[in-house]
file data.txt (compact mmCIF, C-alpha atoms and all ligand atoms)
# COMPACT_ATOMS: atom_id res chain seq x y z
CA MET A 16 5.31 -32.96 24.55
CA SER A 17 4.82 -36.31 22.83
CA TRP A 18 7.61 -38.39 21.34
CA LEU A 19 6.23 -37.63 17.87
CA THR A 20 6.36 -33.85 18.44
CA ASN A 21 9.98 -34.20 19.61
CA VAL A 22 10.91 -36.04 16.44
CA ARG A 23 9.05 -33.54 14.25
CA ASN A 24 10.77 -30.55 15.89
CA ALA A 25 14.17 -32.21 15.55
CA LEU A 26 13.52 -32.81 11.85
CA SER A 27 13.48 -29.08 11.09
CA TYR A 28 17.16 -28.99 12.15
CA VAL A 29 18.02 -31.90 9.88
CA ILE A 30 16.11 -30.60 6.84
CA PRO A 31 16.92 -26.92 6.22
CA LYS A 32 13.80 -24.74 6.01
CA LYS A 33 14.66 -23.01 2.74
CA GLU A 34 14.51 -26.35 0.91
CA SER A 35 10.81 -26.53 1.65
CA PRO A 36 8.45 -25.99 -1.28
CA ASP A 37 6.93 -22.98 0.55
CA ASN A 38 9.30 -20.65 -1.26
CA LEU A 39 8.86 -22.27 -4.64
CA TRP A 40 5.09 -22.36 -4.70
CA HIS A 41 2.53 -19.81 -3.76
CA LYS A 42 -1.09 -20.57 -2.98
CA CYS A 43 -3.29 -18.00 -4.75
CA LYS A 44 -5.70 -16.25 -2.38
CA GLY A 45 -8.12 -15.79 -5.27
CA CYS A 46 -8.51 -19.25 -6.79
CA GLY A 47 -6.60 -21.40 -4.28
CA GLN A 48 -4.38 -22.89 -6.99
CA MET A 49 -0.67 -23.41 -6.46
CA VAL A 50 1.33 -21.01 -8.62
CA PHE A 51 5.06 -21.29 -9.26
CA ALA A 52 6.58 -18.35 -7.33
CA LYS A 53 8.80 -17.24 -10.19
CA GLU A 54 5.89 -17.32 -12.62
CA LEU A 55 3.91 -15.16 -10.20
CA ALA A 56 6.76 -12.63 -9.90
CA ASP A 57 7.20 -12.53 -13.69
CA ASN A 58 3.48 -11.82 -13.97
CA LEU A 59 3.79 -8.75 -11.65
CA TYR A 60 2.37 -10.76 -8.71
CA VAL A 61 -0.93 -11.23 -10.51
CA CYS A 62 -2.25 -14.81 -10.55
CA PRO A 63 -1.91 -16.24 -14.09
CA ASN A 64 -5.05 -18.38 -13.52
CA CYS A 65 -7.56 -15.94 -12.03
CA ALA A 66 -5.89 -12.47 -12.26
CA PHE A 67 -5.99 -12.03 -8.47
CA HIS A 68 -3.72 -9.10 -7.55
CA GLU A 69 -1.42 -10.02 -4.66
CA ARG A 70 -0.36 -7.27 -2.24
CA ILE A 71 3.10 -5.92 -3.04
CA GLY A 72 5.46 -3.63 -1.12
CA PRO A 73 7.37 -0.50 -2.17
CA ASP A 74 10.43 -2.22 -3.71
CA VAL A 75 8.42 -4.39 -6.07
CA ARG A 76 6.02 -1.56 -6.89
CA PHE A 77 8.79 0.91 -7.77
CA ALA A 78 10.42 -1.67 -10.04
CA GLN A 79 7.08 -2.24 -11.79
CA ILE A 80 6.09 1.41 -12.23
CA PHE A 81 9.32 3.28 -12.97
CA ASP A 82 11.44 2.86 -16.08
CA PRO A 83 14.19 0.29 -15.38
CA GLY A 84 17.05 1.77 -13.37
CA SER A 85 15.48 5.25 -13.31
CA PHE A 86 14.37 5.58 -9.72
CA THR A 87 15.94 6.67 -6.46
CA THR A 88 14.31 6.05 -3.11
CA LEU A 89 13.97 9.17 -0.96
CA THR A 90 15.39 9.02 2.57
CA PRO A 91 12.46 8.42 4.95
CA PRO A 92 11.87 11.27 7.43
CA LYS A 93 12.84 10.83 11.06
CA VAL A 94 9.96 11.32 13.46
CA GLN A 95 9.52 10.67 17.14
CA ASP A 96 8.75 7.00 17.78
CA ASP A 97 5.94 6.30 20.22
CA PRO A 98 5.05 9.89 21.23
CA LEU A 99 2.31 8.73 23.63
CA LYS A 100 4.29 5.89 25.29
CA PHE A 101 1.53 3.57 24.19
CA ARG A 102 1.17 -0.03 25.22
CA ASP A 103 -1.55 -2.66 24.71
CA GLN A 104 -0.62 -6.35 24.96
CA LYS A 105 2.78 -5.27 23.69
CA LYS A 106 4.72 -2.02 23.82
CA TYR A 107 4.23 0.08 20.68
CA THR A 108 8.04 0.48 20.42
CA ASP A 109 8.31 -3.33 20.25
CA ARG A 110 5.69 -3.47 17.50
CA ILE A 111 7.59 -0.86 15.48
CA LYS A 112 10.84 -2.78 16.00
CA ALA A 113 9.23 -6.01 14.79
CA ALA A 114 7.72 -4.31 11.73
CA ARG A 115 11.07 -2.73 10.84
CA ALA A 116 12.84 -6.06 11.13
CA ALA A 117 10.19 -7.85 9.04
CA THR A 118 9.98 -5.32 6.20
CA GLY A 119 13.40 -3.65 6.24
CA GLU A 120 11.56 -0.30 6.01
CA SER A 121 11.50 2.47 8.62
CA ASP A 122 7.73 2.99 8.37
CA ALA A 123 4.68 2.39 6.18
CA LEU A 124 5.14 4.98 3.41
CA ILE A 125 8.17 5.10 1.12
CA ASN A 126 8.75 7.64 -1.67
CA ALA A 127 10.88 7.41 -4.77
CA THR A 128 11.58 9.68 -7.67
CA GLY A 129 12.17 8.56 -11.23
CA THR A 130 10.61 8.40 -14.69
CA ILE A 131 7.50 6.62 -15.98
CA GLU A 132 7.90 6.08 -19.74
CA GLY A 133 10.18 9.11 -19.74
CA ARG A 134 7.95 11.39 -17.62
CA LYS A 135 9.26 12.57 -14.27
CA ALA A 136 7.20 11.56 -11.25
CA VAL A 137 7.43 11.19 -7.49
CA VAL A 138 5.73 8.00 -6.34
CA GLY A 139 4.75 7.09 -2.77
CA VAL A 140 3.91 3.50 -1.87
CA GLN A 141 2.20 2.48 1.33
CA ASP A 142 3.25 -0.92 2.62
CA PHE A 143 0.42 -2.96 4.11
CA ALA A 144 3.02 -5.35 5.53
CA PHE A 145 4.22 -2.57 7.87
CA MET A 146 1.63 -2.51 10.67
CA GLY A 147 -1.23 -2.68 8.18
CA GLY A 148 0.06 0.36 6.29
CA SER A 149 -1.32 2.45 9.14
CA MET A 150 -1.01 6.23 9.07
CA GLY A 151 0.86 7.82 11.94
CA LEU A 152 3.38 10.63 12.25
CA ALA A 153 5.90 8.91 9.97
CA VAL A 154 3.38 8.30 7.16
CA GLY A 155 2.04 11.86 7.38
CA GLU A 156 5.55 13.30 7.31
CA ALA A 157 6.59 11.06 4.39
CA PHE A 158 3.47 12.14 2.49
CA VAL A 159 4.36 15.82 2.95
CA ARG A 160 7.99 15.12 1.93
CA GLY A 161 6.75 13.31 -1.18
CA VAL A 162 4.65 16.34 -2.15
CA GLU A 163 7.58 18.69 -1.49
CA ALA A 164 9.86 16.54 -3.67
CA ALA A 165 7.23 16.63 -6.44
CA ILE A 166 7.01 20.43 -6.20
CA SER A 167 10.78 20.89 -6.29
CA GLU A 168 11.04 18.57 -9.32
CA GLY A 169 7.99 20.02 -11.06
CA ALA A 170 6.47 16.55 -11.32
CA PRO A 171 3.18 14.93 -10.27
CA TYR A 172 2.83 13.11 -6.97
CA ILE A 173 1.40 9.62 -7.41
CA ILE A 174 0.41 7.65 -4.34
CA PHE A 175 -0.32 3.91 -4.07
CA THR A 176 -2.50 3.57 -0.99
CA ALA A 177 -2.81 0.46 1.20
CA ALA A 178 -3.88 0.89 4.79
CA GLY A 179 -6.10 -0.32 7.54
CA GLY A 180 -6.49 3.32 8.58
CA ALA A 181 -4.95 5.57 11.22
CA ARG A 182 -2.39 4.13 13.64
CA MET A 183 -4.28 3.86 16.89
CA GLN A 184 -1.07 3.71 18.95
CA GLU A 185 -0.53 7.38 18.08
CA GLY A 186 -4.06 8.50 18.99
CA ILE A 187 -5.00 12.03 17.97
CA LEU A 188 -1.54 12.57 16.41
CA SER A 189 -2.36 10.01 13.74
CA LEU A 190 -5.72 11.64 13.01
CA MET A 191 -3.97 14.99 12.62
CA GLN A 192 -2.20 13.56 9.57
CA MET A 193 -5.53 13.64 7.68
CA PRO A 194 -5.83 17.46 7.47
CA ARG A 195 -2.04 17.67 7.13
CA ALA A 196 -2.05 15.53 3.99
CA THR A 197 -5.01 17.51 2.67
CA VAL A 198 -3.05 20.77 3.03
CA ALA A 199 -0.07 19.17 1.27
CA ILE A 200 -2.28 18.25 -1.70
CA GLN A 201 -3.43 21.86 -1.87
CA MET A 202 0.24 22.95 -2.02
CA LEU A 203 0.64 20.74 -5.08
CA HIS A 204 -2.46 22.23 -6.71
CA ASP A 205 -1.28 25.78 -5.95
CA VAL A 206 1.67 25.25 -8.28
CA GLY A 207 -0.49 23.50 -10.89
CA LEU A 208 0.81 19.97 -10.40
CA PRO A 209 -1.46 16.92 -10.43
CA TYR A 210 -2.03 14.45 -7.62
CA ILE A 211 -2.90 10.94 -8.76
CA VAL A 212 -4.17 8.18 -6.47
CA VAL A 213 -3.88 4.46 -7.16
CA LEU A 214 -5.92 2.56 -4.60
CA THR A 215 -4.68 -0.93 -3.85
CA ASP A 216 -6.03 -3.71 -1.66
CA PRO A 217 -7.01 -2.78 1.03
CA THR A 218 -7.52 0.97 1.52
CA THR A 219 -9.72 1.74 4.50
CA GLY A 220 -10.34 3.98 7.50
CA GLY A 221 -8.69 7.37 7.94
CA VAL A 222 -6.61 6.98 4.80
CA THR A 223 -9.76 6.59 2.69
CA ALA A 224 -11.22 9.55 4.58
CA SER A 225 -8.33 11.80 3.55
CA TYR A 226 -5.64 11.64 0.88
CA ALA A 227 -6.80 8.39 -0.75
CA MET A 228 -9.96 10.06 -2.06
CA LEU A 229 -8.57 13.46 -3.05
CA GLY A 230 -6.85 12.52 -6.31
CA ASP A 231 -7.32 14.54 -9.48
CA VAL A 232 -7.62 11.07 -10.96
CA GLN A 233 -8.76 8.07 -8.91
CA ILE A 234 -7.48 4.72 -10.16
CA SER A 235 -7.79 1.34 -8.47
CA GLU A 236 -6.33 -2.08 -9.01
CA PRO A 237 -8.94 -4.77 -9.76
CA GLY A 238 -10.66 -6.36 -6.78
CA ALA A 239 -9.24 -3.90 -4.22
CA LEU A 240 -11.20 -3.46 -1.00
CA ILE A 241 -11.88 0.25 -0.54
CA GLY A 242 -14.03 1.65 2.24
CA PHE A 243 -14.20 3.57 5.47
CA ALA A 244 -15.85 1.31 8.05
CA GLY A 245 -15.83 -2.46 7.58
CA GLN A 246 -18.75 -4.28 5.94
CA ARG A 247 -19.74 -6.11 9.15
CA VAL A 248 -19.81 -2.90 11.18
CA ILE A 249 -22.05 -1.21 8.59
CA GLU A 250 -24.39 -4.23 8.44
CA GLN A 251 -24.73 -4.27 12.22
CA THR A 252 -25.40 -0.52 12.30
CA ILE A 253 -27.97 -0.27 9.52
CA ARG A 254 -29.35 -3.82 10.09
CA GLU A 255 -29.38 -4.54 6.38
CA LYS A 256 -27.55 -6.95 4.13
CA LEU A 257 -25.10 -5.14 1.87
CA PRO A 258 -25.00 -5.83 -1.89
CA GLU A 259 -22.59 -8.31 -3.48
CA GLY A 260 -19.14 -6.82 -4.12
CA PHE A 261 -19.82 -3.83 -1.86
CA GLN A 262 -16.60 -1.84 -1.19
CA ARG A 263 -14.77 -3.53 -4.05
CA ALA A 264 -13.12 -1.47 -6.82
CA GLU A 265 -15.52 -2.61 -9.56
CA TYR A 266 -18.61 -1.73 -7.49
CA LEU A 267 -17.17 1.71 -6.66
CA LEU A 268 -16.35 2.33 -10.34
CA ALA A 269 -19.95 1.47 -11.31
CA HIS A 270 -21.21 3.90 -8.65
CA GLY A 271 -19.02 6.84 -9.64
CA MET A 272 -16.45 6.74 -6.83
CA LEU A 273 -13.53 5.88 -9.14
CA ASP A 274 -12.37 7.00 -12.57
CA MET A 275 -10.90 3.68 -13.64
CA VAL A 276 -10.00 0.18 -12.54
CA THR A 277 -6.70 -0.67 -14.14
CA PRO A 278 -4.98 -4.09 -14.17
CA ARG A 279 -1.41 -3.97 -12.85
CA ALA A 280 0.12 -4.72 -16.26
CA GLU A 281 -1.47 -1.55 -17.69
CA LEU A 282 -0.59 0.79 -14.82
CA ARG A 283 2.72 2.12 -16.17
CA PRO A 284 1.39 3.16 -19.64
CA THR A 285 -1.85 4.45 -18.06
CA LEU A 286 0.05 6.67 -15.61
CA ALA A 287 2.31 7.95 -18.40
CA ARG A 288 -0.74 8.85 -20.50
CA LEU A 289 -2.41 10.55 -17.53
CA ILE A 290 0.68 12.64 -16.80
CA ASP A 291 0.43 13.91 -20.38
CA TYR A 292 -3.31 14.62 -20.06
CA VAL A 293 -3.22 16.45 -16.77
CA GLY A 294 -0.04 18.34 -17.53
CA GLY A 295 2.18 16.98 -14.82
CA GLN A 296 5.52 18.32 -16.05
CA ARG A 297 6.74 21.74 -14.93
CA LYS A 298 10.11 23.37 -14.67
CA ALA A 299 11.71 22.50 -11.38
CA ALA A 300 10.87 25.07 -8.71
ZN ZN B 401 -5.58 -17.30 -8.71

call {"tool": "encode", "arguments": {"input": "data.txt", "output": "structure tokens"}}
result
Amino acid sequence: MSWLTNVRNALSYVIPKKESPDNLWHKCKGCGQMVFAKELADNLYVCPNCAFHERIGPDVRFAQIFDPGSFTTLTPPKVQDDPLKFRDQKKYTDRIKAARAATGESDALINATGTIEGRKAVVGVQDFAFMGGSMGLAVGEAFVRGVEAAISEGAPYIIFTAAGGARMQEGILSLMQMPRATVAIQMLHDVGLPYIVVLTDPTTGGVTASYAMLGDVQISEPGALIGFAGQRVIEQTIREKLPEGFQRAEYLLAHGMLDMVTPRAELRPTLARLIDYVGGQRKAA
């Protein structure tokens, strides 16, 4: 270690970290401009310069979608951690522990119940920050619980997807959540309640191959990456260059895979209108 490195490391003790401009300014991933963090938050985490939609977690999403003060978070289900005793470079249990500490959540899908412009709804939000939003036992179970809550309240189930796919550390058990979620959606339909999907950046893999594409209405945020396999994998397989904007929300809308691409600021009124259209209010079961 050089003398200079020693001095630099010592400096971080002298100057507290939170004083650094990192927390005040945010570099936009869309246009690269520095945006004042508070301005970004006030603008629903959408860049005021280029309208790039930053990824947001459950807490922020619930606050944006539900009427102020109207929502309650549902207790996340308890499932067995690490059923296969999986380990790669790190133990899976250690990865879960780290993700829980970093996000404050128990797993990658959180549900809440509340009102959207006065209409009852149960909303599930997948958190990409929690192990890439990956779908394992906990996500599958939370999805089913979200549907059950919607049925007991006589309200629609609205899911905000964000996932890299199935959680490989849970092997076949994670893949089994695909048919499980599909059956849950059928339960919702059996009692005449709608299931609405809002795809957010990124939604890929096994999540796209199951509940993310089964909505009665398919909405996406602008610019979201939505696909099954990655672009590079497809290009290597078919040995062809893929078109510009392939697997982005706007391209999928133009090719009939989505019903609408809705900017974040318009999501709450759009969802309220849709609940009216598709009849998502029933007497509680
Ligand atoms: Zn920007």

call {"tool": "residues_near_point", "arguments": {"input": "data.txt", "point": "(-6.8, 5.9, 1.3)", "cutoff": "8 Å", "atoms": "all atoms listed in the file", "output": "number ranges by chain"}}
result
A: 176-178, 180, 214, 218-228, 241

call {"tool": "residues_near_ligand", "arguments": {"input": "data.txt", "ligand": "ligand ZN 401 (chain B)", "cutoff": "7 Å", "atoms": "all atoms listed in the file", "output": "list in words"}}
result
Cys43, Lys44, Gly45, Cys46, Gly47, Gln48, Cys62, Pro63, Asn64, Cys65, Ala66 and Phe67 of chain A

call {"tool": "atom_distance", "arguments": {"input": "data.txt", "atom1": "CA of Phe77 in chain A", "atom2": "CA of Met272 in chain A"}}
result
25.9 Å

call {"tool": "residues_around", "arguments": {"input": "data.txt", "residues": "range 129-140 of chain A", "least_positions_apart": "4", "cutoff": "9 Å", "atoms": "only C-alpha atoms", "output": "MDAnalysis selection string"}}
result
chainID A and resid 72:74 76:77 80:88 123:125 157:158 161:162 164:165 168:177 283:284 286:287 290:291 295:296

call {"tool": "closest_residue", "arguments": {"input": "data.txt", "among": "A:Ala56, A:Ile249, A:Thr108, A:Leu289", "to": "Gln79 in chain A", "atoms": "only C-alpha atoms"}}
result
A:Ala56

call {"tool": "residues_around", "arguments": {"input": "data.txt", "residues": "Leu99 in chain A", "least_positions_apart": "6", "cutoff": "8 Å", "atoms": "all atoms listed in the file", "output": "list of chain:residue names"}}
result
A:Gln184, A:Glu185, A:Gly186

call {"tool": "write_last_selection", "arguments": {"input": "data.txt", "atoms": "C-alpha atoms", "output": "PDB file, in the coordinates of the input"}}
result
ATOM      1  CA  GLN A 184      -1.070   3.710  18.950  1.00  0.00           C
ATOM      2  CA  GLU A 185      -0.530   7.380  18.080  1.00  0.00           C
ATOM      3  CA  GLY A 186      -4.060   8.500  18.990  1.00  0.00           C
TER       4      GLY A 186
END

call {"tool": "residues_around", "arguments": {"input": "data.txt", "residues": "Leu188 in chain A", "least_positions_apart": "5", "cutoff": "12 Å", "atoms": "all atoms listed in the file", "output": "VMD selection string"}}
result
chain A and resid 94 to 99 150 to 156 181 to 183 193 to 195

call {"tool": "axis_aligned_box", "arguments": {"input": "data.txt", "around": "range 197-214 of chain A", "padding_each_side": "3 Å", "output": "JSON"}}
result
{"center_x": -2.1, "center_y": 14.2, "center_z": -3.9, "size_x": 13.6, "size_y": 29.2, "size_z": 19.9}

call {"tool": "atom_distance", "arguments": {"input": "data.txt", "atom1": "CA of Ile166 in chain A", "atom2": "CA of Lys93 in chain A"}}
result
20.6 Å

call {"tool": "atom_distance", "arguments": {"input": "data.txt", "atom1": "CA of Gln233 in chain A", "atom2": "CA of His270 in chain A"}}
result
13.1 Å

call {"tool": "residues_near_point", "arguments": {"input": "data.txt", "point": "(1.5, -21.8, -2.4)", "cutoff": "10 Å", "atoms": "all atoms listed in the file", "output": "ChimeraX atom specification"}}
result
/A:36-44,47-52

call {"tool": "closest_residue", "arguments": {"input": "data.txt", "among": "A:Asp205, A:Glu281, A:Glu259, A:Thr252", "to": "Ile234 in chain A", "atoms": "all atoms listed in the file"}}
result
A:Glu281

call {"tool": "closest_residue", "arguments": {"input": "data.txt", "among": "A:Asp231, A:Pro217, A:Arg279, A:Asp109", "to": "Ala264 in chain A", "atoms": "all atoms listed in the file"}}
result
A:Pro217

call {"tool": "closest_residue", "arguments": {"input": "data.txt", "among": "A:Ile71, A:Val159, A:Met146, A:Leu89", "to": "Asn126 in chain A", "atoms": "only C-alpha atoms"}}
result
A:Leu89

call {"tool": "closest_residue", "arguments": {"input": "data.txt", "among": "A:Val198, A:Pro278, A:Glu255, A:Arg247", "to": "Val213 in chain A", "atoms": "all atoms listed in the file"}}
result
A:Pro278

call {"tool": "residues_around", "arguments": {"input": "data.txt", "residues": "range 114-119 of chain A", "least_positions_apart": "4", "cutoff": "8 Å", "atoms": "only C-alpha atoms", "output": "PDB file with C-alpha atoms, keeping the file's coordinate frame"}}
result
ATOM      1  CA  ARG A 110       5.690  -3.470  17.500  1.00  0.00           C
ATOM      2  CA  ALA A 144       3.020  -5.350   5.530  1.00  0.00           C
ATOM      3  CA  PHE A 145       4.220  -2.570   7.870  1.00  0.00           C
ATOM      4  CA  MET A 146       1.630  -2.510  10.670  1.00  0.00           C
TER       5      MET A 146
END
